[in-house]
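Novice: So that we are looking at the same thing, I have put the structure below in C-alpha cells.
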Amino acid sequence: MKMAFVLGSGLFIFAAFRNSLIWHLQRFWGASGDFWQAQWGKLHHYFGGNEWELFFLGAGLIPMLTFWFFSGILMVIDVTEKPSFITRYRIQLGENSPVDSVKLLQTVLIALLNLLFISYPMIVVMYYIMQWRGNPCSPELPTFHWVLLELFIFTLTVEIVFYYLHRLFHHPKLYRHIHKKHHEWTAPIGVVVLYVHPLEHMTSSLLPVMVGPIIMGSHVATIMLWFCLAFLLSIITHCGYHLPFLPSPEAHDFHHVQFNQCYGVLGLLDHLHSTDTVFKQTKAYERHQLLLNLTPLSERIPDSPKK
C-alpha cells in the first residue's frame, strides 16, 4: 500500500510538472507564434514561393552554417588551447594538447568534401521525396504540439536507425574499409562528426536524421530546427569536452577509445543489447551525467590510477 502511494504520488507530480512545463512552453510559443509566422510569411514572399530555394535554405544552408560556426569555435579552442577555463573540461586529459594542425586540416578537407559531394546531393533527393510526401514549404507553420511530437519521433528514429547502421559498420569487413577512417581520432573533436568515409556519411550520418522527417512529411521549418539540433548534438558528443549544462559526451567519447561499446545516441539500444556493459564499469560512466556546476567532473571523479 505504501509503495502504491509513493508510485502514485510520483506519477501525479511528474504529470503535473510535465503539464506545467508544456503549458509554459505553449504560452511562449503562442506569444511568439505570430511573430515567427510573420517572418516565415515574409521569407516565403521574398523567395516568391520558390519551394526548392526555401527547402535548400532550411534543410541545407542554415544547418551547414550552424555546423561550421560551432565546430569552428571549438577548432580555435583546440588549436590555441584558449580560453583555458574551457580546456579544463577536456575528457581525455593530455590528448589534443594542442591538436595536430596537419591532421586537423585533413579532417576539415574531408568534412568539406562530404558536405559538397554527399550532403547536398542527398538534400536534393530528400527535396523530391518531401514534395511527393506533401507540401514541405507550406506558407503555414506547424503547431507547437505537432513540432514536439515530430521531434520526439525523430529522436527515437535516430536512435534505432543510427544504432544498427553504426553497429553494422563495426563488422570487421566493413570497419577495415569504411568506418576505420572515423576512428583515426581516438580522442575526437567537433569537426570529426563529418570526418567519415563517403558511404558512411551517406548512410550512417545522413539517413538516420532524414528518415524521421520523411516519415512525418515535415515542414521545412521543422526540418531546419531538427537538422540544426542534430548537428549541435553531434558536435557536443564529439567535441572532447564535458562542458557544464550540456549533454554528456562521455559515452561516445568512450566509444572512440573502446570501439565495441556505446554505439547508440540515447543509450536505449546499447542497454537492450548489452553493448555498454564495459562502459558501465568505468569512471567515465560515473561521469556520464549533466554537469550542473563549474567544477570539471574529471576533477570530482578522476580515473583510477593506472597499474
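Going through the C-alpha cells in order, the chains are called A, B, and so on, while each chain numbers its residues from 1 and the ligands are numbered from 1 in the order shown.
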Please give the complete set of residues from stretch 46-205 of chain A that DSSP, run on the backbone, assigns to alpha helix (DSSP H), formatted as a ChimeraX atom specification.

Specialist: /A:46,51-55,62-80,84-87,101-114,120-133,144-168,172-177,198-200

Novice: Please report as a tab-separated table every residue of stretch 34-121 of chain A lying within 10 Å of stretch 140-143 of chain A, along with the nearest atom pair and their distance in Å (one decimal), using only C-alpha atoms.

Specialist:
residue	atom	partner	partner_atom	distance
A:Asp34	CA	A:Leu141	CA	9.9
A:Trp36	CA	A:Leu141	CA	8.4
A:Gln37	CA	A:Leu141	CA	6.3
A:Ala38	CA	A:Glu140	CA	9.8
A:Trp40	CA	A:Leu141	CA	7.8
A:Gly41	CA	A:Glu140	CA	8.0
A:His44	CA	A:Glu140	CA	10.0

Novice: If you keep C-alpha atoms, can you produce a file of those selected residues as a PDB file, in the first residue's frame?

Specialist:
ATOM      1  CA  ASP A  34       2.502  35.139 -34.690  1.00  0.00           C
ATOM      2  CA  TRP A  36       7.540  33.534 -36.419  1.00  0.00           C
ATOM      3  CA  GLN A  37       4.588  33.036 -38.753  1.00  0.00           C
ATOM      4  CA  ALA A  38       5.003  36.616 -39.938  1.00  0.00           C
ATOM      5  CA  TRP A  40       8.137  32.900 -42.407  1.00  0.00           C
ATOM      6  CA  GLY A  41       5.485  34.678 -44.490  1.00  0.00           C
ATOM      7  CA  HIS A  44       8.153  32.890 -48.347  1.00  0.00           C
TER       8      HIS A  44
END

Novice: Using only C-alpha atoms, which of the listed residues (A:Phe55, A:Pro249, A:Leu116, A:Leu290) sits closest to A:Leu194?

Specialist: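 Answer, going by the shortest atom-to-atom distance: A:Leu116.
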
Novice: Which one of A:Leu229, A:Val191, A:Ile160, A:Leu292 sits closest to A:Val265 if you count only C-alpha atoms?

Specialist: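 Result for the nearest residue to A:Val265: A:Ile160.
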
Novice: Quick one: distance from atom CA of A:Val158 to atom CA of A:Val124 in Å, one decimal?

Specialist: 20.6 Å

Novice: Do you know which residues are at most 10 Å from A:Ser248 counting only C-alpha atoms, after dropping those on the same chain fewer than 2 positions away, and could you put them as a ChimeraX atom specification?

Specialist: /A:233,236-237,241-246,250-253,287-291

Novice: Pick out the residues sitting within 10 Å of A:Leu93, and hand them over as a list in words; count only C-alpha atoms, and ignore anything fewer than 3 positions along from it in its own chain.

Specialist: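 So the residues in contact are Thr87, Arg88, Tyr89, Arg90, Asn96, Ser97, Ala187, Gly240, Tyr241 and Ser298 of chain A.
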
Novice: If you keep N, CA, C and O atoms, can you produce a file of those selected residues as a compact mmCIF listing (two decimals), in the first residue's frame?

Specialist:
# COMPACT_ATOMS: atom_id res chain seq x y z
N THR A 87 39.40 24.37 -21.61
CA THR A 87 40.23 23.17 -21.72
C THR A 87 40.27 22.37 -20.41
O THR A 87 40.64 21.20 -20.43
N ARG A 88 39.88 22.99 -19.30
CA ARG A 88 39.79 22.25 -18.03
C ARG A 88 38.78 21.10 -18.12
O ARG A 88 38.87 20.14 -17.37
N TYR A 89 37.84 21.23 -19.05
CA TYR A 89 36.76 20.25 -19.15
C TYR A 89 37.08 19.13 -20.15
O TYR A 89 36.20 18.35 -20.48
N ARG A 90 38.32 19.08 -20.62
CA ARG A 90 38.70 18.03 -21.58
C ARG A 90 38.50 16.65 -20.95
O ARG A 90 38.87 16.42 -19.80
N ASN A 96 45.23 15.89 -27.58
CA ASN A 96 44.94 17.10 -28.37
C ASN A 96 45.35 18.37 -27.64
O ASN A 96 44.61 19.36 -27.60
N SER A 97 46.55 18.35 -27.05
CA SER A 97 47.02 19.49 -26.27
C SER A 97 48.33 20.05 -26.85
O SER A 97 49.41 19.78 -26.33
N ALA A 187 40.67 10.37 -29.77
CA ALA A 187 40.21 11.47 -28.91
C ALA A 187 39.57 12.48 -29.85
O ALA A 187 40.25 13.35 -30.41
N GLY A 240 35.00 16.44 -27.26
CA GLY A 240 36.11 16.12 -26.37
C GLY A 240 36.08 16.85 -25.04
O GLY A 240 36.97 16.67 -24.22
N TYR A 241 35.03 17.67 -24.83
CA TYR A 241 34.89 18.42 -23.59
C TYR A 241 33.55 18.09 -22.93
O TYR A 241 32.53 18.08 -23.60
N SER A 298 36.05 15.53 -14.30
CA SER A 298 37.33 14.81 -14.26
C SER A 298 38.09 15.09 -12.97
O SER A 298 38.95 14.31 -12.56
